[in-house]
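Novice: Pasting start17.pdb below, which is PDB, C-alpha atoms.
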ATOM      1  CA  MET H   1      29.844  89.313  29.474
ATOM      2  CA  ASN H   2      32.472  91.686  30.894
ATOM      3  CA  LEU H   3      30.626  94.734  29.550
ATOM      4  CA  ARG H   4      27.351  93.538  31.059
ATOM      5  CA  LEU H   5      29.031  92.852  34.416
ATOM      6  CA  THR H   6      30.632  96.304  34.391
ATOM      7  CA  ALA H   7      27.265  97.900  33.669
ATOM      8  CA  VAL H   8      25.570  95.972  36.469
ATOM      9  CA  LEU H   9      28.260  96.978  38.974
ATOM     10  CA  ALA H  10      28.046 100.608  37.893
ATOM     11  CA  LEU H  11      24.264 100.619  38.323
ATOM     12  CA  ALA H  12      24.620  98.999  41.755
ATOM     13  CA  LEU H  13      27.079 101.671  42.862
ATOM     14  CA  LEU H  14      24.759 104.407  41.613
ATOM     15  CA  ALA H  15      21.900 102.803  43.514
ATOM     16  CA  VAL H  16      23.927 102.751  46.725
ATOM     17  CA  ALA H  17      24.924 106.367  46.232
ATOM     18  CA  GLY H  18      21.353 107.333  45.400
ATOM     19  CA  CYS H  19      20.042 105.769  48.594
ATOM     20  CA  SER H  20      22.575 107.622  50.711
ATOM     21  CA  PRO H  21      21.515 110.921  52.239
ATOM     22  CA  LYS H  22      23.512 113.806  50.792
ATOM     23  CA  PRO H  23      25.649 115.657  53.346
ATOM     24  CA  SER H  24      23.495 118.748  52.904
ATOM     25  CA  GLU H  25      20.410 116.697  53.738
ATOM     26  CA  THR H  26      21.790 115.401  57.050
ATOM     27  CA  LYS H  27      23.893 118.284  58.305
ATOM     28  CA  GLY H  28      22.496 119.729  61.481
ATOM     29  CA  GLU H  29      19.606 117.245  61.623
ATOM     30  CA  THR H  30      19.163 114.642  64.338
ATOM     31  CA  PRO H  31      19.133 111.198  62.680
ATOM     32  CA  LYS H  32      16.832 108.479  63.980
ATOM     33  CA  GLU H  33      19.539 105.877  63.639
ATOM     34  CA  LEU H  34      23.312 105.671  63.244
ATOM     35  CA  THR H  35      25.381 102.853  61.787
ATOM     36  CA  PHE H  36      28.716 101.930  63.387
ATOM     37  CA  SER H  37      31.200 100.077  61.181
ATOM     38  CA  ILE H  38      33.599  97.410  62.403
ATOM     39  CA  LEU H  39      36.226  95.491  60.495
ATOM     40  CA  SER H  40      35.428  91.856  61.120
ATOM     41  CA  ALA H  41      39.098  90.857  61.206
ATOM     42  CA  GLU H  42      38.201  87.576  62.888
ATOM     43  CA  ASN H  43      34.640  86.805  61.783
ATOM     44  CA  GLN H  44      31.276  88.389  62.490
ATOM     45  CA  SER H  45      30.020  85.505  64.616
ATOM     46  CA  SER H  46      32.916  85.929  67.047
ATOM     47  CA  MET H  47      33.183  89.729  66.870
ATOM     48  CA  GLN H  48      29.536  90.771  67.221
ATOM     49  CA  PRO H  49      29.102  89.443  70.784
ATOM     50  CA  LEU H  50      32.205  91.438  71.789
ATOM     51  CA  TRP H  51      31.075  94.715  70.201
ATOM     52  CA  GLN H  52      27.313  94.575  70.774
ATOM     53  CA  PRO H  53      27.422  95.555  74.489
ATOM     54  CA  LEU H  54      29.480  98.657  73.641
ATOM     55  CA  ILE H  55      27.097  99.523  70.797
ATOM     56  CA  ASP H  56      24.107  99.132  73.130
ATOM     57  CA  ASP H  57      25.787 101.408  75.670
ATOM     58  CA  MET H  58      26.487 103.923  72.889
ATOM     59  CA  SER H  59      22.821 103.956  71.884
ATOM     60  CA  ALA H  60      21.736 104.581  75.466
ATOM     61  CA  SER H  61      24.345 107.294  75.987
ATOM     62  CA  ILE H  62      23.614 109.414  72.904
ATOM     63  CA  GLY H  63      19.864 108.764  72.809
ATOM     64  CA  ILE H  64      19.926 107.430  69.236
ATOM     65  CA  LYS H  65      19.743 103.837  68.088
ATOM     66  CA  VAL H  66      23.090 102.566  66.812
ATOM     67  CA  LYS H  67      23.339  99.446  64.670
ATOM     68  CA  PRO H  68      26.547  97.615  63.715
ATOM     69  CA  PHE H  69      27.902  97.115  60.217
ATOM     70  CA  PHE H  70      30.558  94.402  59.914
ATOM     71  CA  ALA H  71      32.849  94.708  56.898
ATOM     72  CA  THR H  72      35.209  92.012  55.678
ATOM     73  CA  ASN H  73      37.822  94.372  54.220
ATOM     74  CA  TYR H  74      39.130  97.889  54.707
ATOM     75  CA  THR H  75      37.895  99.232  51.366
ATOM     76  CA  SER H  76      34.328  98.343  52.342
ATOM     77  CA  LEU H  77      34.707 100.374  55.535
ATOM     78  CA  ILE H  78      36.001 103.417  53.685
ATOM     79  CA  GLU H  79      33.401 103.262  50.920
ATOM     80  CA  ALA H  80      30.547 102.732  53.371
ATOM     81  CA  MET H  81      31.524 105.909  55.218
ATOM     82  CA  ARG H  82      32.168 107.760  51.978
ATOM     83  CA  PHE H  83      28.621 107.085  50.783
ATOM     84  CA  ASN H  84      27.154 107.790  54.239
ATOM     85  CA  GLN H  85      26.041 104.205  54.703
ATOM     86  CA  VAL H  86      27.827 104.402  58.073
ATOM     87  CA  GLN H  87      28.346 107.518  60.179
ATOM     88  CA  VAL H  88      30.704 106.254  62.889
ATOM     89  CA  GLY H  89      33.242 103.456  62.937
ATOM     90  CA  TRP H  90      36.301 101.698  64.310
ATOM     91  CA  PHE H  91      39.224 101.969  61.884
ATOM     92  CA  SER H  92      42.820 100.846  62.079
ATOM     93  CA  ALA H  93      45.341 103.568  61.270
ATOM     94  CA  LEU H  94      45.889 103.275  57.500
ATOM     95  CA  PRO H  95      42.203 102.984  56.540
ATOM     96  CA  ALA H  96      41.474 105.734  59.088
ATOM     97  CA  LEU H  97      43.793 108.015  57.127
ATOM     98  CA  GLU H  98      42.068 107.008  53.887
ATOM     99  CA  ALA H  99      38.675 107.761  55.423
ATOM    100  CA  VAL H 100      39.889 111.197  56.575
ATOM    101  CA  ARG H 101      41.071 111.903  53.028
ATOM    102  CA  ARG H 102      38.215 110.440  51.035
ATOM    103  CA  ALA H 103      35.185 109.822  53.224
ATOM    104  CA  ASP H 104      34.523 113.139  55.015
ATOM    105  CA  ALA H 105      35.676 111.590  58.311
ATOM    106  CA  GLN H 106      37.351 112.949  61.421
ATOM    107  CA  VAL H 107      39.079 111.235  64.344
ATOM    108  CA  LEU H 108      37.162 111.316  67.643
ATOM    109  CA  GLY H 109      39.655 109.332  69.697
ATOM    110  CA  ARG H 110      42.209 106.537  69.628
ATOM    111  CA  VAL H 111      42.309 103.145  71.294
ATOM    112  CA  VAL H 112      44.588 102.231  74.204
ATOM    113  CA  ASP H 113      45.242  98.690  75.379
ATOM    114  CA  SER H 114      44.687  97.309  78.883
ATOM    115  CA  GLY H 115      48.031  98.740  79.994
ATOM    116  CA  GLY H 116      47.246 102.208  78.624
ATOM    117  CA  VAL H 117      49.537 101.802  75.593
ATOM    118  CA  ASP H 118      48.246 103.409  72.387
ATOM    119  CA  SER H 119      50.334 101.362  69.952
ATOM    120  CA  TYR H 120      50.727  97.790  68.748
ATOM    121  CA  GLU H 121      53.114  95.840  66.502
ATOM    122  CA  SER H 122      53.126  94.168  63.136
ATOM    123  CA  VAL H 123      54.568  90.654  63.264
ATOM    124  CA  LEU H 124      55.708  87.830  61.005
ATOM    125  CA  ILE H 125      54.517  84.383  62.046
ATOM    126  CA  VAL H 126      55.631  80.875  61.063
ATOM    127  CA  LYS H 127      54.558  77.386  62.086
ATOM    128  CA  LYS H 128      56.189  76.352  65.339
ATOM    129  CA  GLY H 129      58.925  73.826  64.713
ATOM    130  CA  SER H 130      59.207  74.676  61.017
ATOM    131  CA  GLY H 131      62.744  75.945  61.458
ATOM    132  CA  ILE H 132      61.971  79.023  59.358
ATOM    133  CA  THR H 133      63.914  82.018  60.645
ATOM    134  CA  LEU H 134      63.893  85.680  59.681
ATOM    135  CA  ASP H 135      67.235  85.210  57.903
ATOM    136  CA  ARG H 136      65.685  82.421  55.842
ATOM    137  CA  VAL H 137      62.768  84.686  54.894
ATOM    138  CA  LEU H 138      65.114  87.492  53.874
ATOM    139  CA  LYS H 139      67.110  85.193  51.578
ATOM    140  CA  CYS H 140      64.310  85.697  49.044
ATOM    141  CA  ASP H 141      65.072  82.453  47.235
ATOM    142  CA  LYS H 142      61.448  81.952  46.153
ATOM    143  CA  THR H 143      61.092  78.729  48.146
ATOM    144  CA  LEU H 144      58.597  80.065  50.724
ATOM    145  CA  THR H 145      54.923  80.946  50.451
ATOM    146  CA  PHE H 146      53.968  84.263  52.031
ATOM    147  CA  GLY H 147      50.757  85.800  53.311
ATOM    148  CA  LEU H 148      50.195  89.550  53.457
ATOM    149  CA  GLY H 149      47.192  91.286  54.979
ATOM    150  CA  ASP H 150      44.627  93.457  53.243
ATOM    151  CA  ALA H 151      46.265  95.954  50.864
ATOM    152  CA  LYS H 152      45.130  98.777  53.180
ATOM    153  CA  SER H 153      46.161  97.044  56.390
ATOM    154  CA  THR H 154      48.659  98.949  58.516
ATOM    155  CA  SER H 155      50.164  95.898  60.216
ATOM    156  CA  GLY H 156      49.401  93.336  57.533
ATOM    157  CA  THR H 157      50.985  95.126  54.576
ATOM    158  CA  LEU H 158      52.298  98.669  55.064
ATOM    159  CA  ALA H 159      54.414  98.114  58.193
ATOM    160  CA  PRO H 160      56.260  94.952  57.078
ATOM    161  CA  LYS H 161      57.088  96.601  53.771
ATOM    162  CA  THR H 162      58.196  99.866  55.397
ATOM    163  CA  TYR H 163      60.218  98.437  58.266
ATOM    164  CA  LEU H 164      61.410  95.053  56.994
ATOM    165  CA  PHE H 165      61.466  94.637  53.216
ATOM    166  CA  THR H 166      61.872  98.103  51.656
ATOM    167  CA  PRO H 167      64.966  99.101  53.718
ATOM    168  CA  ARG H 168      66.632  95.949  52.368
ATOM    169  CA  GLY H 169      65.607  96.666  48.782
ATOM    170  CA  ILE H 170      63.307  93.632  48.735
ATOM    171  CA  ASP H 171      60.335  93.472  46.375
ATOM    172  CA  VAL H 172      57.868  91.188  48.153
ATOM    173  CA  ALA H 173      56.348  89.951  44.894
ATOM    174  CA  ALA H 174      59.783  88.789  43.687
ATOM    175  CA  CYS H 175      60.945  87.367  47.019
ATOM    176  CA  PHE H 176      58.600  84.434  47.543
ATOM    177  CA  LYS H 177      57.317  81.386  45.715
ATOM    178  CA  SER H 178      53.836  82.852  45.982
ATOM    179  CA  VAL H 179      52.201  85.774  47.785
ATOM    180  CA  ARG H 180      48.553  86.109  48.756
ATOM    181  CA  SER H 181      46.506  88.589  50.775
ATOM    182  CA  ALA H 182      44.020  87.546  53.443
ATOM    183  CA  SER H 183      42.652  88.551  56.833
ATOM    184  CA  HIS H 184      44.733  88.237  59.991
ATOM    185  CA  GLN H 185      42.620  85.313  61.147
ATOM    186  CA  ALA H 186      42.963  83.508  57.819
ATOM    187  CA  ASN H 187      46.733  83.988  57.923
ATOM    188  CA  VAL H 188      46.935  82.492  61.420
ATOM    189  CA  PHE H 189      45.023  79.389  60.317
ATOM    190  CA  SER H 190      47.000  79.088  57.080
ATOM    191  CA  VAL H 191      50.367  79.190  58.864
ATOM    192  CA  ALA H 192      49.244  76.893  61.681
ATOM    193  CA  ASN H 193      47.964  74.327  59.178
ATOM    194  CA  GLY H 194      50.979  74.525  56.879
ATOM    195  CA  VAL H 195      49.153  76.173  53.975
ATOM    196  CA  LEU H 196      51.528  79.170  54.188
ATOM    197  CA  ASP H 197      55.140  79.142  55.342
ATOM    198  CA  VAL H 198      55.141  82.691  56.729
ATOM    199  CA  ALA H 199      52.573  85.486  57.053
ATOM    200  CA  THR H 200      52.007  88.909  58.541
ATOM    201  CA  ASN H 201      49.798  89.553  61.536
ATOM    202  CA  ASN H 202      49.814  91.862  64.555
ATOM    203  CA  SER H 203      50.193  91.694  68.304
ATOM    204  CA  VAL H 204      46.480  92.320  68.911
ATOM    205  CA  GLY H 205      45.467  89.641  66.417
ATOM    206  CA  LEU H 206      47.655  87.143  68.247
ATOM    207  CA  VAL H 207      45.887  87.974  71.522
ATOM    208  CA  PHE H 208      42.527  87.195  69.892
ATOM    209  CA  ALA H 209      43.908  84.022  68.316
ATOM    210  CA  ALA H 210      45.204  82.773  71.657
ATOM    211  CA  ARG H 211      41.846  83.455  73.290
ATOM    212  CA  GLU H 212      39.519  82.212  70.544
ATOM    213  CA  ASN H 213      41.587  79.337  69.096
ATOM    214  CA  PRO H 214      44.276  78.373  71.620
ATOM    215  CA  ALA H 215      45.075  75.084  69.882
ATOM    216  CA  ILE H 216      45.712  76.921  66.601
ATOM    217  CA  ALA H 217      47.613  79.764  68.270
ATOM    218  CA  ASP H 218      49.885  77.243  69.963
ATOM    219  CA  LYS H 219      51.053  76.061  66.536
ATOM    220  CA  ILE H 220      52.574  79.400  65.502
ATOM    221  CA  GLU H 221      55.521  81.521  66.611
ATOM    222  CA  THR H 222      56.704  85.062  65.918
ATOM    223  CA  ILE H 223      60.003  85.676  64.100
ATOM    224  CA  TRP H 224      59.828  89.487  63.664
ATOM    225  CA  ARG H 225      58.170  92.483  65.315
ATOM    226  CA  SER H 226      57.879  96.005  63.944
ATOM    227  CA  PRO H 227      58.428  99.267  65.802
ATOM    228  CA  PRO H 228      55.258 100.526  67.564
ATOM    229  CA  LEU H 229      52.354 101.429  65.252
ATOM    230  CA  PRO H 230      49.526 103.882  66.050
ATOM    231  CA  GLU H 231      46.553 101.982  67.451
ATOM    232  CA  SER H 232      43.117 102.060  65.841
ATOM    233  CA  SER H 233      40.703 104.959  66.204
ATOM    234  CA  ILE H 234      37.047 105.951  66.260
ATOM    235  CA  LEU H 235      35.927 108.052  63.290
ATOM    236  CA  ALA H 236      32.736 109.976  62.567
ATOM    237  CA  ARG H 237      31.546 111.793  59.485
ATOM    238  CA  LYS H 238      32.156 115.531  59.612
ATOM    239  CA  ASP H 239      28.623 116.347  58.462
ATOM    240  CA  LEU H 240      27.071 114.579  61.449
ATOM    241  CA  ASP H 241      25.292 116.998  63.781
ATOM    242  CA  PRO H 242      28.083 118.572  65.913
ATOM    243  CA  ALA H 243      26.093 117.957  69.082
ATOM    244  CA  ILE H 244      25.864 114.247  68.270
ATOM    245  CA  ARG H 245      29.541 114.093  67.362
ATOM    246  CA  GLU H 246      30.380 115.586  70.748
ATOM    247  CA  LYS H 247      28.126 113.078  72.530
ATOM    248  CA  LEU H 248      29.919 110.285  70.697
ATOM    249  CA  ARG H 249      33.319 111.726  71.584
ATOM    250  CA  GLN H 250      32.412 112.003  75.262
ATOM    251  CA  PHE H 251      30.956 108.503  75.257
ATOM    252  CA  PHE H 252      34.210 106.974  74.055
ATOM    253  CA  LEU H 253      36.547 109.134  76.123
ATOM    254  CA  THR H 254      34.690 108.345  79.347
ATOM    255  CA  TYR H 255      33.829 104.712  78.631
ATOM    256  CA  GLY H 256      35.161 102.406  81.320
ATOM    257  CA  THR H 257      36.398 105.264  83.505
ATOM    258  CA  GLY H 258      35.400 106.101  87.065
ATOM    259  CA  ASP H 259      34.061 103.890  89.837
ATOM    260  CA  GLY H 260      30.901 101.933  90.449
ATOM    261  CA  PRO H 261      29.067  99.003  88.860
ATOM    262  CA  VAL H 262      28.437 100.749  85.520
ATOM    263  CA  ALA H 263      32.127 101.543  85.021
ATOM    264  CA  ASP H 264      33.046  98.016  86.140
ATOM    265  CA  LYS H 265      30.664  96.539  83.556
ATOM    266  CA  GLN H 266      32.098  98.799  80.848
ATOM    267  CA  ARG H 267      35.625  97.702  81.700
ATOM    268  CA  GLU H 268      34.537  94.086  81.255
ATOM    269  CA  VAL H 269      33.249  94.996  77.775
ATOM    270  CA  LEU H 270      36.595  96.613  76.960
ATOM    271  CA  LYS H 271      38.419  93.577  78.287
ATOM    272  CA  GLY H 272      36.570  91.427  75.766
ATOM    273  CA  LEU H 273      37.855  93.688  72.998
ATOM    274  CA  ALA H 274      41.410  93.594  74.457
ATOM    275  CA  TYR H 275      41.133  97.357  75.040
ATOM    276  CA  GLY H 276      41.785  99.516  78.054
ATOM    277  CA  GLY H 277      39.750 102.471  76.795
ATOM    278  CA  PHE H 278      39.981 105.460  74.484
ATOM    279  CA  ARG H 279      42.146 108.579  74.435
ATOM    280  CA  ALA H 280      41.530 111.979  72.850
ATOM    281  CA  ALA H 281      43.108 112.377  69.409
ATOM    282  CA  ASP H 282      42.772 114.086  66.063
ATOM    283  CA  ASP H 283      44.105 113.047  62.675
ATOM    284  CA  SER H 284      47.606 114.308  63.502
ATOM    285  CA  TYR H 285      48.087 111.043  65.411
ATOM    286  CA  LEU H 286      48.180 109.418  61.956
ATOM    287  CA  ASP H 287      51.402 111.251  61.010
ATOM    288  CA  PRO H 288      53.505 108.057  61.321
ATOM    289  CA  ILE H 289      51.251 106.452  58.716
ATOM    290  CA  ARG H 290      51.685 109.449  56.408
ATOM    291  CA  GLU H 291      55.458 109.086  56.765
ATOM    292  CA  MET H 292      55.323 105.348  56.090
ATOM    293  CA  GLU H 293      53.217 105.866  52.965
ATOM    294  CA  ALA H 294      55.527 108.598  51.703
ATOM    295  CA  GLY H 295      58.561 106.408  52.376
ATOM    296  CA  GLU H 296      57.063 103.570  50.333
ATOM    297  CA  ALA H 297      56.219 105.976  47.490
ATOM    298  CA  LEU H 298      59.804 107.256  47.522
ATOM    299  CA  ALA H 299      61.218 103.730  47.443
ATOM    300  CA  ASP H 300      58.927 102.857  44.540
ATOM    301  CA  ALA H 301      60.048 105.984  42.669
ATOM    302  CA  LYS H 302      63.703 105.073  43.202
ATOM    303  CA  ARG H 303      63.083 101.569  41.857
ATOM    304  CA  SER H 304      61.599 103.103  38.711
ATOM    305  CA  GLY H 305      64.789 105.022  37.947
ATOM    306  CA  ASP H 306      62.720 108.056  36.906
ATOM    307  CA  ALA H 307      64.552 111.129  38.225
ATOM    308  CA  GLY H 308      61.413 113.269  38.033
ATOM    309  CA  ARG H 309      59.384 110.795  40.078
ATOM    310  CA  VAL H 310      62.175 110.511  42.614
ATOM    311  CA  ALA H 311      62.407 114.307  43.032
ATOM    312  CA  THR H 312      58.632 114.630  43.471
ATOM    313  CA  ALA H 313      58.455 111.733  45.939
ATOM    314  CA  GLN H 314      61.444 113.030  47.896
ATOM    315  CA  LYS H 315      59.866 116.472  48.269
ATOM    316  CA  ALA H 316      56.554 114.929  49.403
ATOM    317  CA  PHE H 317      58.406 112.750  51.926
ATOM    318  CA  ASP H 318      60.437 115.679  53.274
ATOM    319  CA  ASP H 319      57.339 117.896  53.559
ATOM    320  CA  ILE H 320      55.395 115.255  55.469
ATOM    321  CA  ARG H 321      58.277 114.613  57.881
ATOM    322  CA  ALA H 322      58.738 118.345  58.477
ATOM    323  CA  LYS H 323      55.047 118.895  59.230
ATOM    324  CA  ALA H 324      54.985 115.880  61.538
ATOM    325  CA  ALA H 325      58.074 117.152  63.368
ATOM    326  CA  GLN H 326      56.456 120.554  63.867
ATOM    327  CA  ARG H 327      53.337 118.957  65.332
ATOM    328  CA  ARG H 328      55.381 116.740  67.654
ATOM    329  CA  ALA H 329      57.314 119.791  68.848
ATOM    330  CA  VAL H 330      54.020 121.399  69.887
ATOM    331  CA  ASN H 331      52.524 118.166  71.251
ATOM    332  CA  PRO H 332      55.142 115.559  72.306
ATOM    333  CA  ASP H 333      52.370 113.025  73.055
ATOM    334  CA  LEU H 334      51.622 112.548  69.339
TER     335      LEU H 334
END
If you convert what's in this file into C-alpha cells, what do you get?
Specialist:
Amino acid sequence: MNLRLTAVLALALLAVAGCSPKPSETKGETPKELTFSILSAENQSSMQPLWQPLIDDMSASIGIKVKPFFATNYTSLIEAMRFNQVQVGWFSALPALEAVRRADAQVLGRVVDSGGVDSYESVLIVKKGSGITLDRVLKCDKTLTFGLGDAKSTSGTLAPKTYLFTPRGIDVAACFKSVRSASHQANVFSVANGVLDVATNNSVGLVFAARENPAIADKIETIWRSPPLPESSILARKDLDPAIREKLRQFFLTYGTGDGPVADKQREVLKGLAYGGFRAADDSYLDPIREMEAGEALADAKRSGDAGRVATAQKAFDDIRAKAAQRRAVNPDL
C-alpha cells in the first residue's frame, strides 16, 4: 500500500512538473494569463472577496488576465511558484526567502500597514480569564497544550522560537503536554474555545479575527509580543518577461497613492486587507529572517554537542550577520 501510494504521488508530481512551462519556454514571451498566489490564512471564502478587487485592478493595469490561487499552507505556495504554476504572489517573510532560494523568485516590493509601518509582531494568545501567564508557559511543566503555526511561518513558528524559547534553552516539543501546528485562524478558534491553552499568532491575524469574528476575538488575550518582524512581500518569478515584471512592480508601488476617485477606491481595497500600500524592496529586506534561521541552526547545533556542527553553524551565523550589517550600513532603511 505504501509503495503504491508513493508511486502515485511521484507520478502526480511529475505530471504537475510536465504541465508547467519550462523557464526557457516562457522567458521573454508575453503570457496570456498570470496566476497570483495567496496564502489563505483565514479561509478562501473570507479572503477572496478582499483580494479579488486588487487582482482585477492588477489585470487592468498590466493588460493581462490575472487569476488567484489560494493555498492553505506555505509549502504549497513555494512549490506552486517553483513549478511555474504561479508567477506572482503574496508571501510572508520566511516563505518569501524560501521562494527566493528555491523557486526562481524575486521581491518586487514589501507591504506596509495603514500607518506606513513595514513590520508586524508574533504573539502568544491564551483564553481570556484562563489565568495563564507568560511565566506559567515558560515553566515548561508539560501541563499546557500549545499551538504553533505552519512550520514555515515567520510569526507562527520561527519568531517565537527565536525570540522566546531558544534564548531560554527551551525545546518546544519537550515543554508542553502536546504541540500541534495549524493556521493562525485555527489557533484563534482553538484557544477561544478551550481546545488549546496557548498558541502563536500575529498582530495582523488578530486584526482580521477582531473584524471577522469579534465574538471569538473577544475571548482571547495576548501574553507576549515579539520584536518587529519584516512584513510580507510581493514576489514574481525571475523568468517572467522583464517588461511585465516592471509593470507589476509599478502597479504595486503606486497602488492607492495619489488623489482622485480611483486612488480613493484603491485605498478602500487596501483597507480591507489591513494594508496601507506597498514599498520598494529587494530580498535584502529578508536579512532579519536569514539571521533568525541561522540563530536557530546554531542553537540546534549547540544542543547536539557536536563541536564540528557548532563551528560550522557559528561561521554561517557570523557571515550572515556581517553581510546584513554591511547592507544596513549602505541602506539604513533595511
Novice: Around all listed atoms of segment 169-185 of chain H, padded 3 Å per side, what centre and edge lengths does the axis-aligned box have in Å to one decimal, as lines of an AutoDock Vina configuration file?
Specialist:
center_x = 54.1
center_y = 89.0
center_z = 52.4
size_x = 29.0
size_y = 21.3
size_z = 23.5
Novice: Neighbouring residues of Val100 of chain H were defined as those with any atom within 12 Å, considering all atoms listed in the file; residues of the same chain fewer than 5 positions away were excluded. Please report them as a PyMOL selection string.
Specialist: chain H and resi 78-79+81-82+91+93-95+105-108+233-238+282-284+286+290
Novice: Going by the chain IDs and residue numbers used in this file, which residues fall under the PyMOL selection byres ((chain H and resi 64) around 9)? Write them as a PyMOL selection string.
Specialist: chain H and resi 30-34+58-63+65-66
Novice: Just say which residues the PyMOL selection byres ((chain H and resi 77) around 12) picks in this file, as a PyMOL selection string.
Specialist: chain H and resi 35-41+68-76+78-92+94-99+102-103+105+152-153+235
Novice: Given the file shown, determine the residues that the PyMOL selection byres ((chain H and resi 154) around 10) selects; report them as a list in words.
Specialist: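 Against this file, the PyMOL selection byres ((chain H and resi 154) around 10) returns the residues Ser92, Ala93, Leu94, Pro95, Ala96, Glu121, Ser122, Gly149, Asp150, Ala151, Lys152, Ser153, Ser155, Gly156, Thr157, Leu158, Ala159, Pro160, Lys161, Asn201, Asn202, Leu229, Pro230, Glu231, Ser232, Ile289, Met292 and Glu293 of chain H.
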Novice: Output C-alpha atoms for every residue in the selection just made, as a compact mmCIF listing (two decimals), in the frame of the given file.
Specialist:
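Produced file again14.txt, reproduced below:
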# COMPACT_ATOMS: atom_id res chain seq x y z
CA SER H 92 42.82 100.85 62.08
CA ALA H 93 45.34 103.57 61.27
CA LEU H 94 45.89 103.28 57.50
CA PRO H 95 42.20 102.98 56.54
CA ALA H 96 41.47 105.73 59.09
CA GLU H 121 53.11 95.84 66.50
CA SER H 122 53.13 94.17 63.14
CA GLY H 149 47.19 91.29 54.98
CA ASP H 150 44.63 93.46 53.24
CA ALA H 151 46.26 95.95 50.86
CA LYS H 152 45.13 98.78 53.18
CA SER H 153 46.16 97.04 56.39
CA SER H 155 50.16 95.90 60.22
CA GLY H 156 49.40 93.34 57.53
CA THR H 157 50.98 95.13 54.58
CA LEU H 158 52.30 98.67 55.06
CA ALA H 159 54.41 98.11 58.19
CA PRO H 160 56.26 94.95 57.08
CA LYS H 161 57.09 96.60 53.77
CA ASN H 201 49.80 89.55 61.54
CA ASN H 202 49.81 91.86 64.56
CA LEU H 229 52.35 101.43 65.25
CA PRO H 230 49.53 103.88 66.05
CA GLU H 231 46.55 101.98 67.45
CA SER H 232 43.12 102.06 65.84
CA ILE H 289 51.25 106.45 58.72
CA MET H 292 55.32 105.35 56.09
CA GLU H 293 53.22 105.87 52.96
Novice: So the first atom is atom CA of Gly258 of chain H and the second is atom CA of Arg211 of chain H; what is the distance between them in Å, to one decimal place?
Specialist: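 Computing it gives 27.3 Å between the two atoms.
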Novice: Quick one, how far is atom CA of Gln185 of chain H from atom CA of Tyr163 of chain H?
Specialist: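 A separation of 22.1 Å between them.
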